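One file, target_27.cif, is given below (mmCIF, C-alpha atoms).
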```cif
data_upload
#
loop_
_atom_site.label_atom_id
_atom_site.label_comp_id
_atom_site.auth_asym_id
_atom_site.auth_seq_id
_atom_site.Cartn_x
_atom_site.Cartn_y
_atom_site.Cartn_z
CA MET A 566 -86.54 -108.61 -11.55
CA LEU A 567 -85.60 -111.90 -9.95
CA THR A 568 -88.02 -114.51 -11.26
CA ASN A 569 -86.16 -117.80 -11.51
CA CYS A 570 -83.96 -118.31 -8.45
CA TYR A 571 -85.06 -121.52 -6.71
CA ARG A 572 -88.27 -121.67 -8.71
CA PRO A 573 -88.81 -125.40 -8.06
CA LEU A 574 -88.55 -124.88 -4.29
CA TRP A 575 -90.38 -121.62 -3.69
CA PRO A 576 -94.17 -121.84 -3.78
CA ASN A 577 -96.16 -119.19 -5.59
CA LYS A 578 -97.15 -116.98 -2.66
CA THR A 579 -99.45 -114.01 -2.87
CA ALA A 580 -98.72 -112.03 -0.72
CA ILE A 581 -87.28 -111.38 18.23
CA ALA A 582 -87.15 -112.18 20.79
CA SER A 583 -85.88 -108.99 22.46
CA LEU A 584 -82.13 -108.49 22.12
CA TRP A 585 -79.70 -106.20 23.86
CA ILE A 586 -80.39 -102.86 25.44
CA ALA A 587 -79.87 -101.05 22.16
CA PRO A 588 -82.42 -98.76 20.56
CA LEU A 589 -83.83 -98.16 17.14
CA LEU A 590 -84.41 -94.48 16.58
CA VAL A 591 -86.17 -92.15 14.22
CA LEU A 592 -85.06 -88.58 13.58
CA GLY A 593 -88.17 -86.64 12.60
CA LEU A 594 -88.20 -83.53 10.47
CA LEU A 595 -90.13 -80.83 12.30
CA SER A 596 -89.44 -78.00 9.89
CA PRO A 597 -87.72 -77.84 6.50
CA LEU A 598 -85.84 -74.68 7.48
CA PRO A 599 -83.16 -74.83 10.21
CA ALA A 600 -81.00 -77.96 10.23
CA LEU A 601 -81.30 -78.33 14.00
CA ALA A 602 -85.12 -78.36 14.00
CA GLN A 603 -85.15 -82.11 14.57
CA THR A 604 -86.50 -84.43 17.22
CA GLU A 605 -85.28 -87.93 18.02
CA SER A 606 -87.59 -90.69 19.23
CA ILE A 607 -86.81 -94.23 20.33
CA ILE A 608 -89.17 -96.55 18.49
CA TYR A 609 -87.90 -99.88 19.86
CA ASN A 610 -85.47 -101.01 22.58
CA PHE A 611 -83.70 -104.33 22.14
CA ASP A 612 -83.25 -105.97 25.52
CA TYR A 613 -81.06 -109.04 25.69
CA SER A 614 -79.46 -109.64 29.06
CA THR A 615 -76.75 -112.14 28.05
CA PHE A 616 -74.01 -111.25 25.58
CA TYR A 617 -71.67 -113.91 24.22
CA GLY A 618 -69.24 -111.67 22.35
CA GLU A 619 -70.20 -113.05 18.96
CA GLY A 620 -70.82 -109.69 17.33
CA CYS A 621 -70.03 -108.12 13.97
CA PRO A 622 -67.44 -109.12 12.99
CA PHE A 623 -67.31 -112.39 14.91
CA GLY A 624 -65.54 -112.25 18.26
CA THR A 625 -65.58 -108.49 18.63
CA ASN A 626 -67.06 -106.68 21.60
CA ASN A 627 -70.12 -105.54 19.68
CA ASP A 628 -73.53 -106.10 21.23
CA ASN A 629 -75.53 -103.77 18.99
CA PRO A 630 -77.71 -104.25 15.94
CA HIS A 631 -74.88 -103.65 13.51
CA THR A 632 -76.56 -102.69 10.27
CA GLY A 633 -78.91 -100.19 8.76
CA LEU A 634 -82.61 -100.77 8.20
CA LEU A 635 -84.73 -101.53 5.16
CA VAL A 636 -87.86 -99.40 4.77
CA TYR A 637 -90.52 -101.30 2.84
CA GLN A 638 -94.29 -100.72 2.71
CA GLY A 639 -94.25 -98.79 5.97
CA HIS A 640 -92.32 -101.42 7.93
CA LEU A 641 -88.68 -101.53 9.03
CA TYR A 642 -86.65 -104.69 8.48
CA GLY A 643 -83.23 -105.55 9.88
CA THR A 644 -80.91 -108.19 11.33
CA THR A 645 -79.24 -108.84 14.67
CA PRO A 646 -76.10 -110.99 15.02
CA GLU A 647 -77.34 -112.75 18.16
CA GLY A 648 -80.59 -113.68 19.84
CA GLY A 649 -83.70 -115.32 18.49
CA THR A 650 -86.51 -117.66 19.39
CA GLY A 651 -86.20 -121.43 19.68
CA ALA A 652 -82.51 -121.16 20.45
CA LYS A 653 -80.46 -124.34 20.81
CA LYS A 654 -80.62 -126.05 24.18
CA ILE A 655 -76.86 -126.48 24.33
CA PRO A 656 -74.19 -124.21 25.89
CA SER A 657 -74.12 -121.68 23.08
CA SER A 658 -75.61 -118.34 22.18
CA PRO A 659 -78.62 -117.68 19.98
CA ASP A 660 -77.35 -117.08 16.50
CA GLY A 661 -79.16 -114.08 15.07
CA THR A 662 -82.47 -112.92 13.66
CA VAL A 663 -84.28 -111.15 10.89
CA PHE A 664 -86.88 -108.83 12.42
CA ARG A 665 -89.68 -106.52 11.36
CA LEU A 666 -90.94 -103.39 13.13
CA THR A 667 -94.45 -102.06 12.61
CA ASN A 668 -95.67 -98.58 13.51
CA PRO A 669 -98.66 -98.84 15.90
CA LYS A 670 -100.02 -95.54 14.49
CA THR A 671 -101.19 -94.60 18.00
CA GLY A 672 -97.83 -93.45 19.32
CA GLY A 673 -95.33 -95.23 21.52
CA LEU A 674 -92.93 -98.04 20.67
CA TRP A 675 -93.23 -99.95 17.44
CA THR A 676 -94.19 -103.64 17.43
CA GLU A 677 -91.38 -106.10 16.78
CA LYS A 678 -91.78 -109.53 15.14
CA THR A 679 -88.99 -112.05 14.64
CA LEU A 680 -89.34 -113.34 11.09
CA HIS A 681 -86.52 -115.87 11.31
CA SER A 682 -84.15 -117.16 13.99
CA PHE A 683 -80.94 -118.67 12.65
CA GLN A 684 -80.22 -122.23 13.84
CA PRO A 685 -76.99 -123.46 12.24
CA GLU A 686 -76.63 -126.84 13.93
CA PRO A 687 -78.92 -129.69 12.82
CA ASN A 688 -80.59 -132.29 14.97
CA GLN A 689 -80.65 -130.14 18.09
CA PRO A 690 -83.84 -129.42 20.04
CA GLY A 691 -85.83 -126.78 18.21
CA ASN A 692 -83.63 -126.91 15.10
CA GLY A 693 -84.52 -127.96 11.59
CA PRO A 694 -82.87 -130.78 9.67
CA LEU A 695 -80.56 -128.54 7.65
CA PHE A 696 -77.68 -126.27 8.53
CA ASP A 697 -78.61 -122.62 8.70
CA GLY A 698 -76.65 -119.38 8.61
CA LEU A 699 -74.90 -117.90 11.62
CA TYR A 700 -74.46 -114.25 12.69
CA PRO A 701 -76.20 -112.09 10.06
CA CYS A 702 -74.33 -108.79 10.00
CA SER A 703 -75.60 -107.31 6.74
CA SER A 704 -78.45 -105.03 5.87
CA LEU A 705 -81.32 -106.48 3.85
CA ILE A 706 -82.62 -105.86 0.34
CA GLN A 707 -85.99 -106.91 -1.06
CA GLU A 708 -87.45 -107.93 -4.40
CA ASN A 709 -91.22 -108.44 -4.68
CA GLY A 710 -91.44 -108.71 -0.90
CA THR A 711 -88.76 -111.41 -0.55
CA LEU A 712 -85.88 -110.39 1.73
CA TYR A 713 -82.24 -111.20 0.92
CA GLY A 714 -79.14 -111.00 3.08
CA THR A 715 -75.91 -112.67 4.14
CA THR A 716 -74.60 -114.47 7.21
CA GLN A 717 -70.90 -114.28 7.97
CA TYR A 718 -70.69 -117.83 9.37
CA GLY A 719 -72.78 -120.99 9.36
CA SER A 720 -74.07 -123.15 6.47
CA PRO A 721 -72.84 -126.74 5.91
CA ASN A 722 -69.31 -125.53 5.18
CA GLY A 723 -69.18 -123.00 8.02
CA PHE A 724 -68.05 -120.18 5.72
CA GLY A 725 -71.21 -118.13 5.47
CA SER A 726 -74.26 -118.01 3.27
CA ILE A 727 -76.72 -115.98 1.23
CA PHE A 728 -80.33 -116.44 2.27
CA ALA A 729 -83.79 -115.58 0.98
CA LEU A 730 -86.75 -115.06 3.31
CA LEU A 731 -90.15 -115.42 1.66
CA PRO A 732 -93.26 -113.78 3.12
CA PRO A 733 -96.25 -115.91 4.13
CA GLY A 734 -98.70 -116.92 1.42
CA THR A 735 -102.44 -116.66 1.65
CA GLY A 736 -103.65 -118.25 4.86
CA GLU A 737 -100.11 -118.66 6.20
CA THR A 738 -98.35 -116.88 9.07
CA LYS A 739 -94.72 -118.00 8.90
CA TRP A 740 -91.96 -116.67 6.72
CA THR A 741 -89.90 -119.32 4.89
CA GLU A 742 -86.11 -119.15 4.74
CA TYR A 743 -83.90 -120.72 2.05
CA GLN A 744 -80.11 -120.87 1.93
CA ILE A 745 -79.63 -120.01 -1.73
CA TYR A 746 -75.82 -120.19 -1.62
CA ASN A 747 -73.31 -121.59 0.85
CA PHE A 748 -69.69 -120.48 0.52
CA THR A 749 -67.00 -123.14 0.25
CA GLY A 750 -64.04 -121.08 1.48
CA GLU A 751 -62.13 -121.83 -1.72
CA SER A 752 -62.08 -119.62 -4.84
CA ASP A 753 -65.48 -118.16 -3.94
CA GLY A 754 -64.15 -116.84 -0.64
CA GLU A 755 -65.61 -116.99 2.85
CA TYR A 756 -67.33 -114.81 5.48
CA PRO A 757 -69.66 -112.47 3.54
CA PHE A 758 -69.95 -109.65 6.05
CA ASP A 759 -71.60 -106.91 4.01
CA GLY A 760 -74.92 -106.55 2.23
CA LEU A 761 -76.07 -107.40 -1.29
CA VAL A 762 -76.93 -105.31 -4.31
CA MET A 763 -79.04 -106.63 -7.20
CA ASP A 764 -78.89 -105.70 -10.87
CA LYS A 765 -81.82 -105.47 -13.31
CA ASN A 766 -81.35 -109.12 -14.32
CA GLY A 767 -81.61 -110.42 -10.76
CA ALA A 768 -77.91 -111.13 -10.16
CA PHE A 769 -76.51 -110.35 -6.69
CA TYR A 770 -73.16 -108.74 -5.90
CA SER A 771 -71.21 -108.45 -2.65
CA VAL A 772 -67.83 -109.16 -1.04
CA THR A 773 -66.17 -111.77 1.17
CA ARG A 774 -63.43 -111.21 3.73
CA SER A 775 -60.97 -114.06 3.11
CA SER A 776 -60.62 -117.66 1.86
CA GLU A 777 -59.44 -121.02 3.18
CA ASP A 778 -57.55 -122.10 0.05
CA GLY A 779 -54.16 -121.03 1.40
CA LEU A 780 -54.15 -117.81 -0.61
CA ASN A 781 -56.02 -115.54 1.84
CA ARG A 782 -57.93 -113.86 -0.97
CA PRO A 783 -60.96 -111.72 -0.19
CA THR A 784 -63.31 -111.58 -3.17
CA VAL A 785 -65.90 -109.50 -4.97
CA PHE A 786 -68.48 -111.93 -6.32
CA GLN A 787 -71.53 -112.16 -8.55
CA LEU A 788 -74.27 -114.66 -7.69
CA VAL A 789 -76.42 -115.84 -10.60
CA CYS A 790 -79.47 -118.02 -9.91
CA SER A 791 -81.36 -120.08 -12.46
CA TYR A 792 -84.04 -122.72 -11.81
CA GLY A 793 -82.98 -123.81 -8.35
CA THR A 794 -79.22 -123.44 -8.72
CA CYS A 795 -77.17 -120.39 -7.71
CA THR A 796 -73.56 -120.02 -8.84
CA ALA A 797 -70.99 -117.61 -7.41
CA ASN A 798 -68.60 -116.07 -9.92
CA THR A 799 -65.54 -114.30 -8.52
CA ILE A 800 -65.07 -111.05 -10.44
CA ALA A 801 -62.17 -109.64 -8.38
CA TYR A 802 -59.84 -110.92 -5.70
CA ASN A 803 -56.44 -110.27 -4.20
CA THR A 804 -53.90 -112.39 -2.38
CA SER A 805 -52.54 -109.63 -0.14
CA GLY A 806 -55.23 -109.86 2.54
CA ILE A 807 -56.72 -106.54 1.40
CA VAL A 808 -60.27 -106.49 2.75
CA TYR A 809 -63.15 -105.25 0.63
CA ASN A 810 -65.68 -103.60 2.94
CA GLY A 811 -68.99 -101.79 2.78
CA ASP A 812 -71.93 -102.48 0.49
CA LEU A 813 -71.09 -102.12 -3.18
CA LEU A 814 -72.59 -99.28 -5.23
CA LEU A 815 -74.10 -100.42 -8.55
CA ASP A 816 -74.55 -98.08 -11.50
CA PRO A 817 -77.61 -99.61 -13.21
CA SER A 818 -76.99 -97.81 -16.49
CA THR A 819 -73.46 -99.16 -17.04
CA GLY A 820 -73.29 -102.19 -14.73
CA SER A 821 -70.19 -100.79 -13.03
CA LEU A 822 -69.60 -101.58 -9.37
CA PHE A 823 -67.89 -99.15 -6.99
CA GLY A 824 -66.49 -100.10 -3.60
CA THR A 825 -63.89 -99.50 -0.92
CA THR A 826 -61.22 -101.47 0.89
CA GLN A 827 -60.23 -100.87 4.47
CA ASN A 828 -56.51 -101.45 3.86
CA GLY A 829 -55.78 -101.30 0.14
CA GLY A 830 -52.99 -99.21 -1.31
CA PRO A 831 -51.10 -98.38 -4.49
CA ASN A 832 -50.70 -101.27 -6.95
CA GLY A 833 -52.52 -103.71 -4.71
CA THR A 834 -50.29 -103.23 -1.68
CA VAL A 835 -51.49 -102.94 1.90
CA GLY A 836 -52.13 -99.31 2.83
CA TYR A 837 -54.79 -97.01 4.26
CA GLY A 838 -57.68 -98.07 2.04
CA ASN A 839 -58.80 -97.22 -1.47
CA VAL A 840 -61.81 -96.65 -3.74
CA PHE A 841 -62.15 -98.95 -6.76
CA GLN A 842 -64.36 -99.50 -9.79
CA LEU A 843 -65.21 -102.78 -11.52
CA ALA A 844 -66.38 -102.09 -15.08
CA PRO A 845 -67.97 -104.83 -17.24
CA ALA A 846 -65.65 -105.98 -20.00
CA GLY A 847 -67.89 -108.60 -21.64
CA ASN A 848 -68.23 -112.37 -21.22
CA GLY A 849 -68.68 -112.02 -17.48
CA LYS A 850 -65.30 -110.31 -17.05
CA TYR A 851 -64.63 -107.03 -15.26
CA ASN A 852 -61.83 -104.50 -15.47
CA TYR A 853 -60.52 -103.24 -12.13
CA TYR A 854 -59.66 -99.55 -11.72
CA ASP A 855 -58.04 -98.05 -8.62
CA LEU A 856 -59.71 -94.64 -8.34
CA TYR A 857 -57.96 -93.34 -5.22
CA ASP A 858 -55.49 -94.53 -2.56
CA PHE A 859 -55.77 -92.91 0.87
CA THR A 860 -52.55 -91.86 2.60
CA GLY A 861 -53.74 -91.79 6.23
CA ASN A 862 -53.09 -88.07 6.55
CA SER A 863 -55.44 -85.18 5.77
CA ASP A 864 -57.25 -87.28 3.14
CA GLY A 865 -58.36 -89.89 5.70
CA ASP A 866 -57.72 -93.49 6.65
CA ARG A 867 -59.91 -96.61 6.29
CA PRO A 868 -63.02 -95.94 4.23
CA ASN A 869 -65.36 -98.28 6.02
CA GLY A 870 -68.92 -97.87 4.82
CA GLY A 871 -69.16 -98.02 1.06
CA LEU A 872 -70.20 -95.22 -1.28
CA VAL A 873 -73.21 -93.23 -2.46
CA GLY A 874 -73.65 -91.20 -5.63
CA GLN A 875 -73.16 -92.20 -9.24
CA THR A 876 -70.45 -92.63 -11.85
CA GLY A 877 -68.37 -89.47 -11.93
CA ASP A 878 -69.39 -88.21 -8.47
CA LEU A 879 -68.95 -90.49 -5.44
CA PHE A 880 -69.24 -89.75 -1.70
CA GLY A 881 -68.04 -91.70 1.32
CA THR A 882 -66.46 -91.52 4.77
CA THR A 883 -63.25 -92.68 6.39
CA GLN A 884 -63.33 -93.89 9.96
CA TYR A 885 -59.93 -92.44 10.85
CA GLY A 886 -57.41 -89.93 9.55
CA GLY A 887 -57.96 -86.35 8.52
CA PHE A 888 -55.11 -84.71 10.41
CA SER A 889 -52.31 -83.41 8.23
CA ASP A 890 -49.61 -84.30 10.77
CA GLY A 891 -50.27 -88.04 10.32
CA THR A 892 -51.88 -88.57 13.74
CA ASN A 893 -54.98 -90.71 13.85
CA GLY A 894 -57.78 -88.21 13.47
CA GLY A 895 -61.54 -88.60 13.55
CA GLY A 896 -62.16 -89.30 9.87
CA VAL A 897 -63.45 -87.32 6.91
CA VAL A 898 -66.37 -87.03 4.49
CA PHE A 899 -64.87 -87.21 1.01
CA GLU A 900 -66.06 -86.69 -2.54
CA LEU A 901 -64.43 -88.29 -5.59
CA ARG A 902 -65.36 -86.40 -8.71
CA GLU A 903 -64.50 -86.36 -12.39
CA LEU A 904 -63.95 -82.62 -12.82
CA THR A 905 -64.61 -83.12 -16.53
CA PRO A 906 -66.34 -86.23 -17.92
CA GLY A 907 -63.85 -89.07 -18.36
CA SER A 908 -61.04 -87.34 -16.44
CA PRO A 909 -59.28 -89.03 -13.49
CA TYR A 910 -61.15 -88.80 -10.22
CA THR A 911 -60.15 -85.96 -7.90
CA LEU A 912 -60.50 -86.24 -4.12
CA ILE A 913 -62.30 -83.35 -2.38
CA ILE A 914 -62.59 -83.30 1.42
CA GLN A 915 -66.06 -82.01 2.33
CA HIS A 916 -65.62 -82.27 6.11
CA THR A 917 -62.90 -83.27 8.58
CA PHE A 918 -64.25 -84.54 11.90
CA ALA A 919 -62.70 -82.65 14.81
CA GLY A 920 -63.90 -84.89 17.67
CA ALA A 921 -66.07 -84.32 20.71
CA PHE A 922 -63.62 -82.01 22.47
CA ASN A 923 -64.22 -79.68 19.53
CA ASN A 924 -67.99 -80.25 19.64
CA ASP A 925 -67.96 -82.51 16.61
CA ALA A 926 -68.45 -86.12 15.56
CA TRP A 927 -65.65 -88.69 15.49
CA GLY A 928 -65.20 -92.04 13.77
CA PRO A 929 -68.05 -92.65 11.28
CA ALA A 930 -68.17 -96.45 11.05
CA ALA A 931 -70.95 -96.56 8.47
CA GLY A 932 -71.44 -95.03 5.08
CA LEU A 933 -73.68 -92.15 4.07
CA TYR A 934 -77.36 -92.03 3.16
CA LYS A 935 -78.36 -89.76 0.29
CA ASP A 936 -81.96 -88.53 0.54
CA ALA A 937 -84.35 -87.65 -2.27
CA THR A 938 -83.19 -84.02 -2.32
CA GLY A 939 -79.50 -84.92 -2.48
CA ASN A 940 -78.58 -84.22 1.16
CA LEU A 941 -76.07 -86.55 2.82
CA TRP A 942 -76.81 -88.07 6.25
CA GLY A 943 -74.40 -90.01 8.44
CA ALA A 944 -73.79 -91.35 11.92
CA SER A 945 -70.54 -91.32 13.86
CA GLU A 946 -69.77 -94.04 16.36
CA TYR A 947 -68.10 -91.58 18.74
CA GLY A 948 -68.04 -87.88 19.51
CA GLY A 949 -70.84 -85.67 20.77
CA TRP A 950 -71.91 -83.92 23.96
CA PHE A 951 -74.59 -84.40 26.59
CA ARG A 952 -77.20 -81.97 25.34
CA THR A 953 -78.48 -80.66 28.70
CA VAL A 954 -75.17 -79.95 30.42
CA LYS A 955 -72.76 -79.75 27.46
CA ILE A 956 -70.32 -82.31 28.81
CA TYR A 957 -68.24 -84.45 26.48
CA SER A 958 -70.14 -87.75 26.09
CA ASN A 959 -68.44 -89.63 23.22
CA ASN A 960 -71.65 -91.60 22.59
CA GLY A 961 -71.90 -90.78 18.90
CA THR A 962 -73.78 -88.33 16.69
CA ILE A 963 -76.02 -87.93 13.66
CA PHE A 964 -74.76 -85.39 11.11
CA LYS A 965 -75.94 -83.95 7.81
CA LEU A 966 -74.33 -82.27 4.82
CA THR A 967 -76.60 -79.99 2.81
CA SER A 968 -75.72 -78.83 -0.68
CA SER A 969 -76.36 -75.12 -1.19
CA ARG A 970 -75.04 -75.19 -4.74
CA PRO A 971 -72.93 -77.64 -6.78
CA GLY A 972 -69.69 -78.45 -5.00
CA GLU A 973 -70.50 -76.53 -1.81
CA TRP A 974 -71.79 -78.25 1.31
CA SER A 975 -72.77 -77.06 4.79
CA TYR A 976 -72.25 -79.41 7.74
CA ASP A 977 -74.34 -79.75 10.91
CA VAL A 978 -74.42 -82.15 13.86
CA LEU A 979 -78.14 -82.83 14.33
CA TRP A 980 -78.05 -85.15 17.33
CA ASP A 981 -75.65 -86.04 20.16
CA PHE A 982 -76.45 -89.41 21.71
CA GLY A 983 -76.81 -89.46 25.48
CA GLY A 984 -76.41 -93.20 26.03
CA GLY A 985 -78.65 -95.70 27.80
CA PRO A 986 -82.07 -97.06 26.82
CA ALA A 987 -83.56 -93.56 26.76
CA ASP A 988 -81.36 -92.53 23.84
CA GLY A 989 -78.76 -95.11 22.81
CA ALA A 990 -75.13 -94.80 21.84
CA PHE A 991 -72.46 -95.83 19.31
CA PRO A 992 -74.41 -96.00 16.01
CA GLN A 993 -72.65 -98.28 13.54
CA GLY A 994 -75.19 -98.82 10.75
CA ARG A 995 -76.04 -96.72 7.73
CA LEU A 996 -79.04 -94.41 8.15
CA THR A 997 -82.07 -94.66 5.89
CA GLY A 998 -85.19 -92.60 5.27
CA ASP A 999 -88.83 -92.82 4.26
CA SER A 1000 -90.96 -90.80 1.86
CA LYS A 1001 -92.00 -88.40 4.65
CA GLY A 1002 -88.44 -87.29 5.38
CA ASN A 1003 -87.99 -89.32 8.60
CA ILE A 1004 -84.52 -90.78 9.12
CA TYR A 1005 -84.08 -94.19 10.82
CA GLY A 1006 -81.06 -95.84 12.42
CA THR A 1007 -79.81 -98.17 15.14
#
```

Transcribe the structure of this file into structure tokens.
Amino acid sequence: MLTNCYRPLWPNKTAIASLWIAPLLVLGLLSPLPALAQTESIIYNFDYSTFYGEGCPFGTNNDNPHTGLLVYQGHLYGTTPEGGTGAKKIPSSPDGTVFRLTNPKTGGLWTEKTLHSFQPEPNQPGNGPLFDGLYPCSSLIQENGTLYGTTQYGSPNGFGSIFALLPPGTGETKWTEYQIYNFTGESDGEYPFDGLVMDKNGAFYSVTRSSEDGLNRPTVFQLVCSYGTCTANTIAYNTSGIVYNGDLLLDPSTGSLFGTTQNGGPNGTVGYGNVFQLAPAGNGKYNYYDLYDFTGNSDGDRPNGGLVGQTGDLFGTTQYGGFSDGTNGGGVVFELRELTPGSPYTLIIQHTFAGAFNNDAWGPAAGLYKDATGNLWGASEYGGWFRTVKIYSNNGTIFKLTSSRPGEWSYDVLWDFGGGPADGAFPQGRLTGDSKGNIYGT
């Protein structure tokens, strides 16, 4: 439980503007029997008419809410990399939001509220006196109702930040945002693009994409906060430009961290991506273990969305690869398993995406969601058909892997996106679910 970070600054509280034509959706479970007995509903449409190209990552042609959603006390929380209220009155774009969606309980679209609009430049009309974050691209986590996330740019140094967003206290209406750490671009790295995980002691963990110290070293870091001061400790880095990507997976029983790189290879060389483990070694040190190096062939290429599972049995996706002849391919769902406890991890391909021309998904950009019964849910950015006329659409899909017995999985495409505000397209964020079995995404 986090109890001491910024204690002198945070009071003891009791307790979006519309962006882009891009929908939030819910996939409802109509029946527990056939996998295709699902219905999809749009619960909110973002509607922002001007796009500046400052997406996730920065400068890419990405005008969608990039990340997955946080389900907390019946609400949905998320971030957008552009838009917001009180935007700067200078020739620039709005710089991102944290939003909340509330179910009206009477049917129809959910109600959206912008909890914070990022304003990174001081002394501009509508801005506060301090530098703020810029372009939040990560999902959110919460502890005791306080939301935590990262921005890939902004802060006084311009290299990104970690923020906390506190809910209103009694008699208050506004949420309060604090920048709890601003990256320097030196040994702590720069541009935290992915989300945070928190251990039982309140320490945060995540990754950065590079550094400005001349070494080009992406990092895995730990952030420890105590009485108003937060310190970033680099627990792994490389100088080969190998990019750590996807939210880290924390094993709370051992403290080990599991993650992926988009371009790692054998012995720290540039390759097709890898899966790694960071195991605590005492005195704040971690041992790095390379669990698997992808070859870009039938085993996949570029694991892009992190991992789910636990020590000894990990699941993930690759965005590309899967074809044995070395051509690009539509990606795979993979399992890394210790066949016997303590043995080296073995890669098992649970599904190879065949692409829309073969009535399948293609290119899962996000990781998997594991529900309470152990099923695996995912979204592919491309692939799929128009449902009514069965014409190749390439607007993306939602898929599910169901375990019939240990080691055996059945695969189904549950939804083919039709595109436009009535359905949406190109899902890039991780799916999530609630206690009723509903699945949410963007």

Counting all atoms listed in the file, the residue among A:Ser682, A:Thr911, A:Thr632, A:Asn869 that lies closest to Gly649 (chain A) is A:Ser682

Of A:Trp740, A:Phe899, A:Phe683, A:Tyr637, the one nearest to Leu933 (chain A) when counting only C-alpha atoms is A:Phe899

Residue members of the PyMOL selection byres ((chain A and resi 877) around 10) in the file shown, as a PDB file with C-alpha atoms, in the frame of the given file:
```
ATOM      1  CA  GLY A 874     -73.650 -91.200  -5.630  1.00  0.00           C
ATOM      2  CA  GLN A 875     -73.160 -92.200  -9.240  1.00  0.00           C
ATOM      3  CA  THR A 876     -70.450 -92.630 -11.850  1.00  0.00           C
ATOM      4  CA  ASP A 878     -69.390 -88.210  -8.470  1.00  0.00           C
ATOM      5  CA  LEU A 879     -68.950 -90.490  -5.440  1.00  0.00           C
ATOM      6  CA  LEU A 901     -64.430 -88.290  -5.590  1.00  0.00           C
ATOM      7  CA  ARG A 902     -65.360 -86.400  -8.710  1.00  0.00           C
ATOM      8  CA  GLU A 903     -64.500 -86.360 -12.390  1.00  0.00           C
ATOM      9  CA  LEU A 904     -63.950 -82.620 -12.820  1.00  0.00           C
ATOM     10  CA  THR A 905     -64.610 -83.120 -16.530  1.00  0.00           C
ATOM     11  CA  PRO A 906     -66.340 -86.230 -17.920  1.00  0.00           C
ATOM     12  CA  GLY A 907     -63.850 -89.070 -18.360  1.00  0.00           C
ATOM     13  CA  SER A 908     -61.040 -87.340 -16.440  1.00  0.00           C
ATOM     14  CA  PRO A 909     -59.280 -89.030 -13.490  1.00  0.00           C
ATOM     15  CA  TYR A 910     -61.150 -88.800 -10.220  1.00  0.00           C
ATOM     16  CA  THR A 911     -60.150 -85.960  -7.900  1.00  0.00           C
TER      17      THR A 911
END
```

Query raised in the report: What would the list of residues within 10 Å of (-68.3, -78.9, 19.3) (file frame) look like as a ChimeraX atom specification, if only C-alpha atoms are what count?
Result: /A:919-926,948-950,955,957,978

Do a neighbour search on Phe841 (chain A) at 9 Å with all atoms listed in the file, toss out local chain neighbours closer than 4 positions, and write the hits as a short mmCIF file (atom, residue, chain, number, x, y, z; two decimals) with C-alpha atoms, keeping the file's coordinate frame.
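Once written, around.cif looks like this:
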```cif
data_model
loop_
_atom_site.label_atom_id
_atom_site.label_comp_id
_atom_site.auth_asym_id
_atom_site.auth_seq_id
_atom_site.Cartn_x
_atom_site.Cartn_y
_atom_site.Cartn_z
CA LEU A 822 -69.60 -101.58 -9.37
CA PHE A 823 -67.89 -99.15 -6.99
CA GLY A 824 -66.49 -100.10 -3.60
CA THR A 825 -63.89 -99.50 -0.92
CA THR A 826 -61.22 -101.47 0.89
CA TYR A 853 -60.52 -103.24 -12.13
CA TYR A 854 -59.66 -99.55 -11.72
CA ASP A 855 -58.04 -98.05 -8.62
CA LEU A 856 -59.71 -94.64 -8.34
CA TYR A 857 -57.96 -93.34 -5.22
#
```

Need to verify the contact set: region 720-728 of chain A, 6 Å, only C-alpha atoms, exclusion of same-chain residues closer than 3 positions in sequence. Can you return it as a PDB file with C-alpha atoms, in the coordinates of the input?
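Now in around28.pdb:
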```
ATOM      1  CA  PHE A 696     -77.680-126.270   8.530  1.00  0.00           C
ATOM      2  CA  ASP A 697     -78.610-122.620   8.700  1.00  0.00           C
ATOM      3  CA  GLY A 698     -76.650-119.380   8.610  1.00  0.00           C
ATOM      4  CA  TYR A 713     -82.240-111.200   0.920  1.00  0.00           C
ATOM      5  CA  GLY A 714     -79.140-111.000   3.080  1.00  0.00           C
ATOM      6  CA  THR A 715     -75.910-112.670   4.140  1.00  0.00           C
ATOM      7  CA  THR A 716     -74.600-114.470   7.210  1.00  0.00           C
ATOM      8  CA  GLN A 717     -70.900-114.280   7.970  1.00  0.00           C
ATOM      9  CA  TYR A 743     -83.900-120.720   2.050  1.00  0.00           C
ATOM     10  CA  GLN A 744     -80.110-120.870   1.930  1.00  0.00           C
ATOM     11  CA  ILE A 745     -79.630-120.010  -1.730  1.00  0.00           C
ATOM     12  CA  TYR A 746     -75.820-120.190  -1.620  1.00  0.00           C
ATOM     13  CA  ASN A 747     -73.310-121.590   0.850  1.00  0.00           C
ATOM     14  CA  PHE A 748     -69.690-120.480   0.520  1.00  0.00           C
ATOM     15  CA  THR A 749     -67.000-123.140   0.250  1.00  0.00           C
ATOM     16  CA  GLY A 750     -64.040-121.080   1.480  1.00  0.00           C
ATOM     17  CA  GLU A 755     -65.610-116.990   2.850  1.00  0.00           C
ATOM     18  CA  TYR A 756     -67.330-114.810   5.480  1.00  0.00           C
TER      19      TYR A 756
END
```

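For the file shown, the residue list from the PyMOL selection byres ((chain A and resi 764) around 12) reads Met566, Leu567, Ile706, Glu708, Leu761, Val762, Met763, Lys765, Asn766, Gly767, Ala768, Phe769, Tyr770, Ser771, Gln787, Leu788, Val789, Leu813, Leu814, Leu815, Asp816, Pro817, Ser818, Thr819, Gly820, Ser821 and Leu822 of chain A.
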
Subject >> Gap from CA of Gly998 (chain A) to CA of Phe611 (chain A) - Å, one decimal >> reply: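 Interatomic distance, CA of Gly998 (chain A) to CA of Phe611 (chain A): 20.6 Å.
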